[in-house]
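Report on one structure; see the data block that follows.
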Amino acid sequence: MFGTALFSTLRSRLIFYGGLFLAIVLLLVGTVAFFQSKAALREVQSRNLESLVTRLAVDIDDRIRTRHVLLEQAAASLQLAPAVFETQGPELISRFRYLKGMFNSVLLYDRQGNIIADYPALPGRLGLNVADRDYFVNTRELLRPQISEPLRVRGGLNRTVIVFTVPIFSAEGVLAGVLGGSLELYSPEFFGELKNIAIGKTGFLSIDSIRSRLTIMHSDPSYVMQASPSAEANPTLHRAFAGWQGQAEARNRSGAASLLAYRRLQNVPWVVGAILPLHEAMLPAQQLGQQFLLLVLSALLLAIPLAWWGLGKQLRPLRGLQQQIALLKADPLAPLPALACRELQRIGDDVAAAFRLRADVALRLAERETFFRGMNDISPTGVLTVSQDAFLLYLNPASMRIGGLPANALTEWEGRSWLDAIHPDSLAQAVLAWQQLLEKGTTFDLLCRLKHQAGGRVMVDLRFVEIAGVADERRFLGLLSDASVREEARACLLAERERALVVLGSINDAVVLTNQADEVEYVNKPAVALFGLPASDMLGRLLGVFMNLVSPDSGLPLSLRVLERESAGRPIKLDLMSRDMRVQPVVMTLSVISGEGVMQGYKVVVLHDDSERRLHEQQHCWEASHDALTGLMNRRNFLTALTTLLNEETSRRQPNVLAMLDLDHFKQVNDAVGNPGGDLLLQDISSIMLRHVRTSDVVARLGGDEFAILLYNCRSETAERILRDVLQDIDSHVMHLAGREIRITASIGSTEICVGDTLPQVVMGRADERCYLAKQHGRNCLIASVAKE
């Protein structure tokens with residue numbers, strides 16, 4: 001009841017809908033501004049984080065480089081023989097006391113990794129051996145300055161240090177020893193002040209080591225010197241490990257959405273990161289949105305009373321209009337009082353004019369009837385007026401001319417049934433349509449044949465609509481137009497279409513015709529067989545529903561629109577995915593009908609079975625990369641796999657093993673049982689090797705009785721166990737041929753691929769050398785080497 005009263009007046013409706021419109025506009029504007037401000041704020045915060053990380057990375061790089069330069073200059077000032085250096089170590093260390101300002105400790109190491117002098121002296125440190133430390137090993141082997149990974153100080157002290165090392169050479173360029181400087185990470189000179197850098201309230205800085213995957217600085221002490229987040233917990237950090245640097249939006253290791261910025265250091269394999277939770281970064285935008293909502297509510301509360309008062313004043317002239325209409329109902333010719341509103345005054349004048357024109361309606365109707373008959377007499381379209389009993393009340397001369405009747409017979413047909421002019425071929429259909437029009441009021445629109453007086457075939461479009469009747473009698477207006485020429489042209493088109501369908505049906509390739517909306521209008525028998533669907537299930541449906549095309553190179557689906565835009569008119573190799581997920585290689589040619597006419601934009605899709613050609617191509621590729629006898633990789637393909645491994649630094653750092661295998665006295669087997677027997681033995685040996693390796697490993701026949709095995713990501717002890725199992729199975733294998741037992745042994749040489757290996761010939765030469773040593777040691781054995789060699 002309250003809602004009905006609220007909307008019972010025009011003023012209340014205008015206020016309600018006007019206020020609603022104003023609120024929607026304000027909310028839309030505010031929403032757009034809110035999201036724009038959030039986007040701008042996010043961009044500013046991201047740039048600030050990235051700028052902060054860049055400055056910190058440059059600062060840390062400068063500190064590291066400064067210390068390394070000082071060590072290099074100090075080492076260059078010494079040119080002593082190794083024996084002199086080792087005996088004068090305690091005296092030499094005093095020359096480097098000035099380095100104490102940049103390092104916590106200065107150390108001298110001999111070539112064996114023993115600490116021979118330190119400053120300041122620390123009890124128990126002299127004589128300590130660090131030969132197993134990576135930084136000392138790399139300095140001694142590479143003869144270049146090194147920086148260690150962060151490590152805990154021995155002795156249980158809760159301190160983390162990094163060690164800078166520089167080689168010291170004699171005058172002849174021989175390594176005499178190593179000069180080192182240790183620096184505590186969290187000392188005031190290095191990371192100490194970084195702890196005081198604040199990023200908002202809950203943001204923080206982090207530094208992670210790329211090599212050891214350890215967090216070496218974090219606002220939470222429990223994360224320091226612990227494993228860095230996994231790739232699932234922080235994929236952005238692992239992208240930075242792989243070389244990416246910049247800013248992104250992702251989740252931190254606690255699972256909270258955050259803005260992250262990472263940058264790699266130039267002088268040490270560390271990644272500096274800055275993390276700011278997204279809710280804190282977007283807090284100013286949220287506060288702005290709350291203030292805007294409060295402003296919108298205040299504006300609405302203030303506008304409603306003002307709108308109520310103003311609309312009440314503006315709607316007063318409507319009451320005067322109501323009084324004018326009441327006067328017109330009583331006396332259409334009565335004088336009307338003036339209104340204070342010009343628009344409403346015009347409405348009142350129009351209403352008064354309508355009342356005064358009602359008297360002229362009868363006269364105008366008569367004039368219109370005369371005009372109607374005059375127009376119909378000259379119209380080229382036949383016009384009929386019939387009663388509900390199908391009797392002709394009126395017909396124009398065009399109706400007589402279409403039916404082949406003389407114009408003077410016009411009066412003879414008035415009063416007759418219009419069904420008398422219908423040819424017997426169309427009479428039943430016309431009677432049924434007329435009955436449905438009378439009973440159900442359905443539309444009467446019929447193509448039918450007339451009785452032409454000259455015996456010709458006349459086809460007409462006949463349409464009836466009901467018009468206003470006289471008294472209780474129903475009347476209908478009929479329109480008659482000659483369709484003979486059009487139907488004759490349609491018959492010719494149908495005949496031409498039949499001929500085209502016969503031609504398309506004789507083509508062996510699958511042919512599909514679609515309209516402008518890509519709906520199938522025709523498929524030939526090869527297309528029905530190719531898609532595995534009856535033609536009735538395809539006609540009228542979108543072609544893309546059952547024709548799934550995939551690129552054979554990328555495996556990605558391709559739409560018909562993309563193919564039309566990029567490959568129309570030329571053959572293209574594709575894969576057709578059937579309903580049962582079978583892949584059918586095809587060559588598709590898509591043609592689009594151009595020019596003017598109803599067929600413009602139609603598409604003709606021709607699909608040719610490309611299975612046999614694709615199969616031959618795959619067979620040729622396989623034969624080019626595999627040994628025809630054993631089915632293993634050939635030498636060329638093996639060299640390609642080994643070269644690929646050596647070119648990828650990440651894969652090369654993994655423990656990979658290469659083994660070379662030669663059969664012992666294989667020539668004697670060929671001499672004893674002939675080449676066919678030797679081929680069978682080679683096939684058995686290949687099966688033994690494949691049985692012991694993984695599918696991801698590579699087994700190749702390099703030629704004759706020489707084989708190679710490449711074990712990816714396999715430690716030397718695991719590789720040795722696998723190769724010994726292969727050696728044992730070959731030794732125990734017996735081949736029965738022509739009543740004889742054929743046995744054979746093998747010699748295997750293996751080597752672990754080093755990080756510095758770049759040429760496959762070097763690695764294969766190292767494995768070949770071990771294989772030759774195995775033959776010298778009595779054959780049927782394995783000689784292995786590790787990367788340090």
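Letters for chains follow the order of the structure tokens (A, B, ...), residue numbers begin at 1 for each chain, and ligand numbers begin at 1 in the order shown.
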
- Query: Hey, what's within 12 Å of Val669 in chain A if we count only C-alpha atoms and toss same-chain stuff fewer than 4 positions away? As JSON, numbers by chain, please?
  - Reply: {"A": [663, 664, 665, 673, 674, 675, 676, 677, 678, 679, 680, 681, 682, 705, 735, 737, 740, 741, 742, 743, 744, 745]}

Need to verify the contact set: Arg251 in chain A, 10 Å, only C-alpha atoms, exclusion of same-chain residues closer than 5 positions in sequence. Can you return it as a compact mmCIF listing (two decimals) with all heavy atoms, in the first residue's frame?
```
# COMPACT_ATOMS: atom_id res chain seq x y z
N ALA A 233 55.61 -21.86 -4.28
CA ALA A 233 55.30 -20.82 -3.30
C ALA A 233 55.62 -19.42 -3.82
O ALA A 233 54.92 -18.47 -3.52
CB ALA A 233 56.06 -21.07 -1.99
N ASN A 234 56.70 -19.28 -4.60
CA ASN A 234 57.09 -17.95 -5.12
C ASN A 234 57.68 -18.12 -6.51
O ASN A 234 58.91 -18.14 -6.69
CB ASN A 234 58.11 -17.29 -4.18
CG ASN A 234 58.30 -15.82 -4.50
OD1 ASN A 234 58.00 -15.37 -5.60
ND2 ASN A 234 58.80 -15.05 -3.55
N PRO A 235 56.83 -18.28 -7.55
CA PRO A 235 57.36 -18.46 -8.91
C PRO A 235 58.12 -17.23 -9.40
O PRO A 235 59.02 -17.35 -10.23
CB PRO A 235 56.10 -18.72 -9.73
CG PRO A 235 54.97 -18.15 -8.94
CD PRO A 235 55.36 -18.32 -7.51
N THR A 236 57.78 -16.03 -8.93
CA THR A 236 58.48 -14.82 -9.38
C THR A 236 59.94 -14.84 -8.96
O THR A 236 60.83 -14.44 -9.72
CB THR A 236 57.78 -13.58 -8.81
OG1 THR A 236 56.38 -13.64 -9.12
CG2 THR A 236 58.34 -12.32 -9.41
N ALA A 256 50.06 -14.29 0.79
CA ALA A 256 49.34 -13.02 0.64
C ALA A 256 49.68 -12.38 -0.69
O ALA A 256 50.83 -12.40 -1.14
CB ALA A 256 49.69 -12.07 1.79
N ALA A 257 48.65 -11.80 -1.36
CA ALA A 257 48.89 -11.09 -2.62
C ALA A 257 49.77 -9.88 -2.36
O ALA A 257 49.51 -9.09 -1.44
CB ALA A 257 47.57 -10.66 -3.24
N SER A 258 50.81 -9.72 -3.16
CA SER A 258 51.81 -8.68 -2.89
C SER A 258 52.37 -8.15 -4.19
O SER A 258 52.23 -8.75 -5.26
CB SER A 258 52.96 -9.24 -2.03
OG SER A 258 52.50 -9.83 -0.84
N LEU A 259 53.00 -6.96 -4.09
CA LEU A 259 53.81 -6.40 -5.15
C LEU A 259 55.26 -6.80 -4.90
O LEU A 259 55.78 -6.59 -3.80
CB LEU A 259 53.68 -4.87 -5.21
CG LEU A 259 52.28 -4.32 -5.51
CD1 LEU A 259 52.31 -2.80 -5.45
CD2 LEU A 259 51.79 -4.79 -6.86
N LEU A 260 55.91 -7.40 -5.90
CA LEU A 260 57.27 -7.91 -5.74
C LEU A 260 58.16 -7.27 -6.80
O LEU A 260 57.76 -7.08 -7.94
CB LEU A 260 57.33 -9.43 -5.87
CG LEU A 260 56.47 -10.25 -4.91
CD1 LEU A 260 55.13 -10.56 -5.56
CD2 LEU A 260 57.17 -11.55 -4.53
N ILE A 275 59.28 -6.71 -1.13
CA ILE A 275 57.93 -7.26 -1.13
C ILE A 275 57.05 -6.33 -0.30
O ILE A 275 57.39 -5.98 0.85
CB ILE A 275 57.90 -8.69 -0.54
CG1 ILE A 275 58.72 -9.65 -1.43
CG2 ILE A 275 56.47 -9.17 -0.42
CD1 ILE A 275 60.16 -9.77 -1.06
N PRO A 277 52.89 -6.09 0.72
CA PRO A 277 51.55 -6.68 0.61
C PRO A 277 50.60 -5.76 -0.16
O PRO A 277 50.62 -4.54 0.02
CB PRO A 277 51.12 -6.87 2.07
CG PRO A 277 52.42 -7.00 2.83
CD PRO A 277 53.37 -6.09 2.12
N LEU A 278 49.78 -6.36 -1.01
CA LEU A 278 48.91 -5.59 -1.89
C LEU A 278 47.87 -4.80 -1.11
O LEU A 278 47.51 -3.69 -1.49
CB LEU A 278 48.24 -6.53 -2.90
CG LEU A 278 47.49 -5.87 -4.05
CD1 LEU A 278 48.44 -5.02 -4.89
CD2 LEU A 278 46.82 -6.91 -4.93
```

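CA of Val178 in chain A is positioned 13.8 Å from CA of Pro90 in chain A.
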
- Task: Would you list the contacts of Met599 in chain A as a PyMOL selection string, taking every protein, DNA or RNA residue within 10 Å and counting only C-alpha atoms, but skipping same-chain residues closer than 6 positions in sequence?
- Result: chain A and resi 514-516+592-593

Just the selected residues (N, CA, C and O atoms), exported as a compact mmCIF listing (two decimals), in the first residue's frame, please.
```
# COMPACT_ATOMS: atom_id res chain seq x y z
N THR A 514 29.57 -23.90 -47.05
CA THR A 514 28.93 -23.21 -45.93
C THR A 514 28.45 -21.84 -46.39
O THR A 514 28.97 -21.27 -47.36
N ASN A 515 27.45 -21.31 -45.68
CA ASN A 515 26.95 -19.97 -45.99
C ASN A 515 27.77 -18.92 -45.24
O ASN A 515 28.81 -19.23 -44.65
N GLN A 516 27.30 -17.68 -45.26
CA GLN A 516 28.06 -16.60 -44.64
C GLN A 516 28.20 -16.78 -43.13
O GLN A 516 29.15 -16.27 -42.54
N VAL A 592 36.70 -18.61 -50.68
CA VAL A 592 35.56 -17.75 -50.35
C VAL A 592 35.01 -17.19 -51.65
O VAL A 592 35.75 -16.62 -52.47
N ILE A 593 33.70 -17.37 -51.87
CA ILE A 593 33.05 -16.90 -53.10
C ILE A 593 32.91 -15.39 -53.02
O ILE A 593 32.35 -14.85 -52.06
```

- Message: Could you tell me how far CA of Arg652 in chain A sits from CA of Asp757 in chain A, in Å to one decimal place?
- Response: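 Computing the Euclidean distance for CA of Asp757 in chain A and CA of Arg652 in chain A yields 8.2 Å.
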
- Nearest to Ser170 in chain A: which of A:Met764, A:Val44, A:Leu563, A:Val84 is it, counting only C-alpha atoms?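 Using only C-alpha atoms, the shortest distance to Ser170 in chain A belongs to A:Val84.
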
- Judged by only C-alpha atoms, the minimum distance to Ser785 in chain A among A:Ala176, A:Asn713, A:Ala659, A:Ala227 is found for A:Ala659

- Computed gap from CA of Leu214 in chain A to CA of Leu56 in chain A is 18.9 Å

- Task: Extract, using only C-alpha atoms, all DNA, RNA and protein residues at most 12 Å from Glu439 in chain A, discarding same-chain residues fewer than 6 positions from it, and format them as a VMD selection string.
- Result: chain A and resid 388 432 to 433

- Nearest to Glu91 in chain A among A:Ala708, A:Ala117, A:Met538, A:Leu759, with distances taken over only C-alpha atoms: which residue is it?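 Checking each candidate against Glu91 in chain A, we get A:Ala117 as the closest.
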
- Message: Need to verify the contact set: Glu706 in chain A, 6 Å, only C-alpha atoms, exclusion of same-chain residues closer than 4 positions in sequence. Can you return it as a PyMOL selection string?
- Response: chain A and resi 661-662+702

- What lies within 8 Å of Ala76 in chain A using only C-alpha atoms, ignoring chain neighbours under 4 positions off, as a list in words?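 Here the answer would be Glu72, Ile168 and Phe169 of chain A.
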
- Query: Would you give me, as an MDAnalysis selection string, the residues in range 563-665 of chain A that DSSP reads as strand (DSSP E or B)?
  - Reply: chainID A and resid 572:577 583:592 603:609 626 633 657:663

- Extract, using only C-alpha atoms, all DNA, RNA and protein residues at most 8 Å from Asp575 in chain A, discarding same-chain residues fewer than 3 positions from it, and format them as a list in words. Leu549, Val550, Ser551, Pro552, Val583, Gln584, Pro585 and Val586 of chain A

- Glu519 in chain A proximity check over A:Ala483, A:Val351, A:Leu773, A:Val545, using only C-alpha atoms: winner is A:Val545
